[in-house]
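Have a look at the structure below before the remarks.
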Amino acid sequence: MAVNYWLVKSEPSTYSWNQFEIEKETVWDGIRNFAARNHLRAMKKGDLCFFYHSNEGLCIVGIAKVAKESFQDPTSEDKNWVAVGLVPYKKLKTPLTLQDIREDQRLASMVLLKNSRLSVQPVTAKEAAIIADLGGVKLA
DNA sequence: GCCAACGTTGGC
DNA sequence: GCCAACGTTGGC
(Lines give C-alpha, C1' and ligand atoms only; values in the text may rest on other atoms or scores of the structure.)
Protein backbone atom coordinates (compact mmCIF):
# COMPACT_ATOMS: atom_id res chain seq x y z
CA MET A 1 0.00 0.00 0.00
CA ALA A 2 1.36 3.33 -1.04
CA VAL A 3 2.32 5.93 1.51
CA ASN A 4 0.64 9.29 1.18
CA TYR A 5 2.30 12.60 1.85
CA TRP A 6 0.93 15.67 3.58
CA LEU A 7 2.02 19.00 4.91
CA VAL A 8 0.98 20.39 8.27
CA LYS A 9 1.60 23.88 9.51
CA SER A 10 2.32 25.22 12.94
CA GLU A 11 3.46 28.53 14.27
CA PRO A 12 6.69 27.80 16.12
CA SER A 13 5.62 30.12 18.92
CA THR A 14 2.64 27.81 19.47
CA TYR A 15 4.18 24.45 18.72
CA SER A 16 7.60 24.03 17.19
CA TRP A 17 9.42 21.10 15.66
CA ASN A 18 11.89 21.23 18.56
CA GLN A 19 9.13 20.79 21.08
CA PHE A 20 7.76 17.95 18.96
CA GLU A 21 11.14 16.18 19.04
CA ILE A 22 11.35 16.58 22.81
CA GLU A 23 7.85 15.20 23.36
CA LYS A 24 8.37 12.43 20.81
CA GLU A 25 4.68 12.42 19.90
CA THR A 26 1.79 14.80 19.58
CA VAL A 27 -1.91 14.97 18.92
CA TRP A 28 -2.56 17.21 15.93
CA ASP A 29 -5.76 18.81 17.15
CA GLY A 30 -7.60 22.10 16.97
CA ILE A 31 -8.22 21.94 13.22
CA ARG A 32 -11.46 23.81 12.46
CA ASN A 33 -11.46 23.96 8.72
CA PHE A 34 -13.43 21.52 6.59
CA ALA A 35 -10.85 20.99 3.88
CA ALA A 36 -8.09 20.46 6.43
CA ARG A 37 -10.37 18.13 8.40
CA ASN A 38 -10.98 16.02 5.34
CA HIS A 39 -7.26 15.64 4.82
CA LEU A 40 -6.81 14.57 8.44
CA ARG A 41 -9.48 11.93 7.93
CA ALA A 42 -7.71 10.62 4.86
CA MET A 43 -4.42 10.09 6.68
CA LYS A 44 -3.31 6.50 7.13
CA LYS A 45 -0.92 5.10 9.66
CA GLY A 46 2.58 5.36 8.22
CA ASP A 47 1.82 8.37 6.01
CA LEU A 48 4.41 11.13 6.15
CA CYS A 49 3.71 14.77 6.98
CA PHE A 50 6.05 17.61 6.23
CA PHE A 51 6.19 19.95 9.20
CA TYR A 52 6.09 23.61 8.20
CA HIS A 53 6.77 26.58 10.43
CA SER A 54 4.45 29.45 9.57
CA ASN A 55 4.74 33.09 10.58
CA GLU A 56 8.28 32.63 11.87
CA GLY A 57 10.89 30.58 10.14
CA LEU A 58 8.73 30.04 7.08
CA CYS A 59 10.26 26.72 6.25
CA ILE A 60 9.74 22.99 6.20
CA VAL A 61 11.81 21.75 9.12
CA GLY A 62 11.09 18.09 9.37
CA ILE A 63 8.95 15.09 8.53
CA ALA A 64 6.43 13.50 10.89
CA LYS A 65 4.85 10.09 10.64
CA VAL A 66 1.20 9.32 11.25
CA ALA A 67 1.08 7.08 14.32
CA LYS A 68 -2.65 7.18 14.95
CA GLU A 69 -5.37 7.61 12.36
CA SER A 70 -8.09 10.20 12.84
CA PHE A 71 -10.21 10.16 15.99
CA GLN A 72 -12.47 12.73 17.56
CA ASP A 73 -10.62 15.91 18.43
CA PRO A 74 -10.21 15.90 22.22
CA THR A 75 -10.44 19.70 22.22
CA SER A 76 -13.95 19.65 20.74
CA GLU A 77 -17.33 18.35 21.83
CA ASP A 78 -18.32 18.07 18.20
CA LYS A 79 -17.48 14.65 16.84
CA ASN A 80 -17.16 16.08 13.35
CA TRP A 81 -13.78 17.51 14.21
CA VAL A 82 -10.88 15.09 14.24
CA ALA A 83 -7.24 14.88 15.24
CA VAL A 84 -4.41 12.49 14.36
CA GLY A 85 -1.42 11.25 16.32
CA LEU A 86 2.00 12.17 14.93
CA VAL A 87 5.53 11.16 15.85
CA PRO A 88 8.79 12.73 14.56
CA TYR A 89 10.27 10.82 11.64
CA LYS A 90 13.22 12.83 10.31
CA LYS A 91 14.51 16.32 10.68
CA LEU A 92 15.63 17.94 7.44
CA LYS A 93 19.38 18.47 7.23
CA THR A 94 18.63 21.70 5.43
CA PRO A 95 15.33 23.37 6.25
CA LEU A 96 13.52 24.23 3.04
CA THR A 97 12.33 27.81 3.10
CA LEU A 98 9.24 29.17 1.44
CA GLN A 99 11.55 31.09 -0.84
CA ASP A 100 13.37 27.90 -1.85
CA ILE A 101 10.03 26.30 -2.63
CA ARG A 102 8.94 29.30 -4.69
CA GLU A 103 12.15 29.26 -6.66
CA ASP A 104 11.93 25.60 -7.61
CA GLN A 105 9.83 25.17 -10.75
CA ARG A 106 9.07 21.56 -9.83
CA LEU A 107 7.30 22.70 -6.66
CA ALA A 108 5.29 25.47 -8.30
CA SER A 109 1.98 23.65 -8.00
CA MET A 110 2.26 22.88 -4.31
CA VAL A 111 -0.83 23.72 -2.30
CA LEU A 112 1.41 25.69 0.04
CA LEU A 113 1.87 28.23 -2.74
CA LYS A 114 -1.65 28.02 -4.14
CA ASN A 115 -3.58 28.17 -0.92
CA SER A 116 -1.27 29.34 1.78
CA ARG A 117 -3.95 29.36 4.43
CA LEU A 118 -4.84 25.67 4.35
CA SER A 119 -3.27 24.17 7.46
CA VAL A 120 -3.33 20.52 6.42
CA GLN A 121 -2.61 19.85 2.79
CA PRO A 122 -1.81 16.94 0.47
CA VAL A 123 1.64 16.68 -1.13
CA THR A 124 2.25 14.54 -4.20
CA ALA A 125 4.82 11.74 -4.16
CA LYS A 126 6.84 13.68 -6.72
CA GLU A 127 6.87 16.82 -4.59
CA ALA A 128 7.69 14.77 -1.50
CA ALA A 129 10.74 13.26 -3.24
CA ILE A 130 11.96 16.71 -4.31
CA ILE A 131 11.48 18.21 -0.84
CA ALA A 132 13.35 15.33 0.80
CA ASP A 133 16.13 15.63 -1.75
CA LEU A 134 16.52 19.37 -1.25
CA GLY A 135 16.30 18.87 2.50
CA GLY A 136 19.11 16.35 2.45
CA VAL A 137 17.19 13.34 3.76
CA LYS A 138 15.82 10.10 2.36
CA LEU A 139 12.10 9.44 2.51
CA ALA A 140 12.40 5.71 3.06
C1' DG B 1 1.83 45.65 12.92
C1' DC B 2 -0.24 45.80 8.50
C1' DC B 3 -2.90 44.01 4.92
C1' DA B 4 -4.37 40.62 1.35
C1' DA B 5 -6.63 36.31 0.78
C1' DC B 6 -9.65 33.12 2.17
C1' DG B 7 -13.46 30.72 4.84
C1' DT B 8 -17.57 31.30 7.44
C1' DT B 9 -21.69 33.50 8.88
C1' DG B 10 -26.01 35.61 8.50
C1' DG B 11 -29.50 38.65 6.31
C1' DC B 12 -32.35 38.84 2.56
C1' DG C 1 -28.95 30.38 -2.64
C1' DC C 2 -26.59 34.66 -3.12
C1' DC C 3 -23.47 37.99 -1.34
C1' DA C 4 -21.79 41.40 1.99
C1' DA C 5 -19.62 41.62 6.37
C1' DC C 6 -16.67 39.77 9.44
C1' DG C 7 -12.88 37.02 11.58
C1' DT C 8 -8.64 34.54 10.96
C1' DT C 9 -4.41 33.23 8.85
C1' DG C 10 0.04 34.08 7.25
C1' DG C 11 3.58 36.61 4.53
C1' DC C 12 5.94 40.72 4.60
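Order determines the names: the first chain of the C-alpha coordinates is A, the second B, and so forth; residues in each chain are numbered 1 upward, and ligands are numbered 1 upward as they are shown.
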Closest-contact table, chain A side, partner chain B, 12 Å, counting only C-alpha atoms (C1' of nucleotides), as JSON lines:
{"residue": "A:Arg32", "atom": "CA", "partner": "B:DG7", "partner_atom": "C1'", "distance": 10.5}
{"residue": "A:Asn33", "atom": "CA", "partner": "B:DG7", "partner_atom": "C1'", "distance": 8.0}
{"residue": "A:Phe34", "atom": "CA", "partner": "B:DG7", "partner_atom": "C1'", "distance": 9.4}
{"residue": "A:Ala35", "atom": "CA", "partner": "B:DG7", "partner_atom": "C1'", "distance": 10.1}
{"residue": "A:Ala36", "atom": "CA", "partner": "B:DG7", "partner_atom": "C1'", "distance": 11.7}
{"residue": "A:Lys114", "atom": "CA", "partner": "B:DA5", "partner_atom": "C1'", "distance": 10.9}
{"residue": "A:Asn115", "atom": "CA", "partner": "B:DC6", "partner_atom": "C1'", "distance": 8.4}
{"residue": "A:Ser116", "atom": "CA", "partner": "B:DA5", "partner_atom": "C1'", "distance": 8.9}
{"residue": "A:Arg117", "atom": "CA", "partner": "B:DC6", "partner_atom": "C1'", "distance": 7.2}
{"residue": "A:Leu118", "atom": "CA", "partner": "B:DC6", "partner_atom": "C1'", "distance": 9.1}
Per DSSP on the backbone, filter chain A down to the residues in alpha helix (DSSP H) and report them as a ChimeraX atom specification.
/A:17-23,34-42,98-103,111-114,125-135
For the residues in the current selection, export N, CA and C atoms as a short mmCIF file (atom, residue, chain, number, x, y, z; two decimals), in the first residue's frame.
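Saved file out-v1.cif follows:
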data_model
loop_
_atom_site.label_atom_id
_atom_site.label_comp_id
_atom_site.auth_asym_id
_atom_site.auth_seq_id
_atom_site.Cartn_x
_atom_site.Cartn_y
_atom_site.Cartn_z
N TRP A 17 8.84 22.41 15.94
CA TRP A 17 9.42 21.10 15.66
C TRP A 17 10.29 20.63 16.83
N ASN A 18 11.04 21.57 17.42
CA ASN A 18 11.89 21.23 18.56
C ASN A 18 11.10 20.61 19.70
N GLN A 19 10.00 21.28 20.01
CA GLN A 19 9.13 20.79 21.08
C GLN A 19 8.61 19.39 20.74
N PHE A 20 8.26 19.22 19.47
CA PHE A 20 7.76 17.95 18.96
C PHE A 20 8.80 16.85 19.17
N GLU A 21 10.06 17.16 18.88
CA GLU A 21 11.14 16.18 19.04
C GLU A 21 11.36 15.83 20.52
N ILE A 22 11.18 16.82 21.37
CA ILE A 22 11.35 16.58 22.81
C ILE A 22 10.23 15.68 23.33
N GLU A 23 9.01 15.98 22.88
CA GLU A 23 7.85 15.20 23.36
C GLU A 23 7.74 13.83 22.71
N PHE A 34 -12.90 22.74 7.20
CA PHE A 34 -13.43 21.52 6.59
C PHE A 34 -12.45 20.83 5.65
N ALA A 35 -11.80 21.59 4.82
CA ALA A 35 -10.85 20.99 3.88
C ALA A 35 -9.71 20.31 4.64
N ALA A 36 -9.19 21.01 5.64
CA ALA A 36 -8.09 20.46 6.43
C ALA A 36 -8.58 19.20 7.17
N ARG A 37 -9.79 19.26 7.70
CA ARG A 37 -10.37 18.13 8.40
C ARG A 37 -10.45 16.90 7.50
N ASN A 38 -10.87 17.15 6.26
CA ASN A 38 -10.98 16.02 5.34
C ASN A 38 -9.63 15.37 5.07
N HIS A 39 -8.60 16.19 5.02
CA HIS A 39 -7.26 15.64 4.82
C HIS A 39 -6.83 14.82 6.04
N LEU A 40 -7.15 15.33 7.22
CA LEU A 40 -6.81 14.57 8.44
C LEU A 40 -7.47 13.21 8.41
N ARG A 41 -8.73 13.19 7.98
CA ARG A 41 -9.48 11.93 7.93
C ARG A 41 -8.88 10.95 6.95
N ALA A 42 -8.26 11.48 5.91
CA ALA A 42 -7.71 10.62 4.86
C ALA A 42 -6.34 10.06 5.22
N LEU A 98 10.31 28.83 2.37
CA LEU A 98 9.24 29.17 1.44
C LEU A 98 9.84 29.72 0.15
N GLN A 99 10.88 30.51 0.32
CA GLN A 99 11.55 31.09 -0.84
C GLN A 99 12.16 30.00 -1.73
N ASP A 100 12.81 29.02 -1.09
CA ASP A 100 13.37 27.90 -1.85
C ASP A 100 12.28 27.20 -2.65
N ILE A 101 11.14 27.01 -1.99
CA ILE A 101 10.03 26.30 -2.63
C ILE A 101 9.52 27.11 -3.82
N ARG A 102 9.39 28.41 -3.61
CA ARG A 102 8.94 29.30 -4.69
C ARG A 102 9.88 29.27 -5.88
N GLU A 103 11.16 29.16 -5.59
CA GLU A 103 12.15 29.26 -6.66
C GLU A 103 12.32 27.97 -7.44
N VAL A 111 0.31 23.04 -2.92
CA VAL A 111 -0.83 23.72 -2.30
C VAL A 111 -0.34 24.87 -1.41
N LEU A 112 0.82 24.67 -0.83
CA LEU A 112 1.41 25.69 0.04
C LEU A 112 1.49 27.05 -0.67
N LEU A 113 1.77 26.99 -1.97
CA LEU A 113 1.87 28.23 -2.74
C LEU A 113 0.51 28.68 -3.25
N LYS A 114 -0.34 27.72 -3.56
CA LYS A 114 -1.65 28.02 -4.14
C LYS A 114 -2.64 28.51 -3.09
N ALA A 125 3.63 12.56 -4.38
CA ALA A 125 4.82 11.74 -4.16
C ALA A 125 6.02 12.39 -4.83
N LYS A 126 5.78 13.00 -5.99
CA LYS A 126 6.84 13.68 -6.72
C LYS A 126 7.39 14.85 -5.91
N GLU A 127 6.46 15.65 -5.39
CA GLU A 127 6.87 16.82 -4.59
C GLU A 127 7.60 16.37 -3.33
N ALA A 128 7.08 15.29 -2.73
CA ALA A 128 7.69 14.77 -1.50
C ALA A 128 9.15 14.37 -1.76
N ALA A 129 9.39 13.72 -2.90
CA ALA A 129 10.74 13.26 -3.24
C ALA A 129 11.67 14.47 -3.43
N ILE A 130 11.15 15.50 -4.06
CA ILE A 130 11.96 16.71 -4.31
C ILE A 130 12.28 17.42 -3.00
N ILE A 131 11.27 17.54 -2.13
CA ILE A 131 11.48 18.21 -0.84
C ILE A 131 12.52 17.46 -0.01
N ALA A 132 12.40 16.14 0.03
CA ALA A 132 13.35 15.33 0.80
C ALA A 132 14.76 15.49 0.23
N ASP A 133 14.84 15.48 -1.09
CA ASP A 133 16.13 15.63 -1.75
C ASP A 133 16.77 16.97 -1.41
N LEU A 134 16.00 18.03 -1.55
CA LEU A 134 16.52 19.37 -1.25
C LEU A 134 16.84 19.52 0.24
N GLY A 135 16.10 18.78 1.06
CA GLY A 135 16.30 18.87 2.50
C GLY A 135 17.43 17.98 3.00
#
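Across the structure, CA of Val87 in chain A and CA of Lys45 in chain A are spaced 10.8 Å apart.
Note that the spacing between CA of Val3 in chain A and CA of Val123 in chain A amounts to 11.1 Å.
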Exercise: range 78-83 of chain A partners within 6 Å, only C-alpha atoms (C1' of nucleotides), chain neighbours under 4 positions left out, as number ranges by chain
A: 28-29, 70-73
Point-to-point distance in Å for CA of Glu77 in chain A and CA of Asp47 in chain A
26.8 Å
Close residues, Ser10 in chain A itself excluded, 10 Å, only C-alpha atoms (C1' of nucleotides), min 4 positions apart in chain, as a list in words:
Thr14, Tyr15, Ser16, Trp17, Trp28, Phe51, Tyr52, His53, Ser54, Asn55, Glu56, Leu58, Ser119 and Val120 of chain A
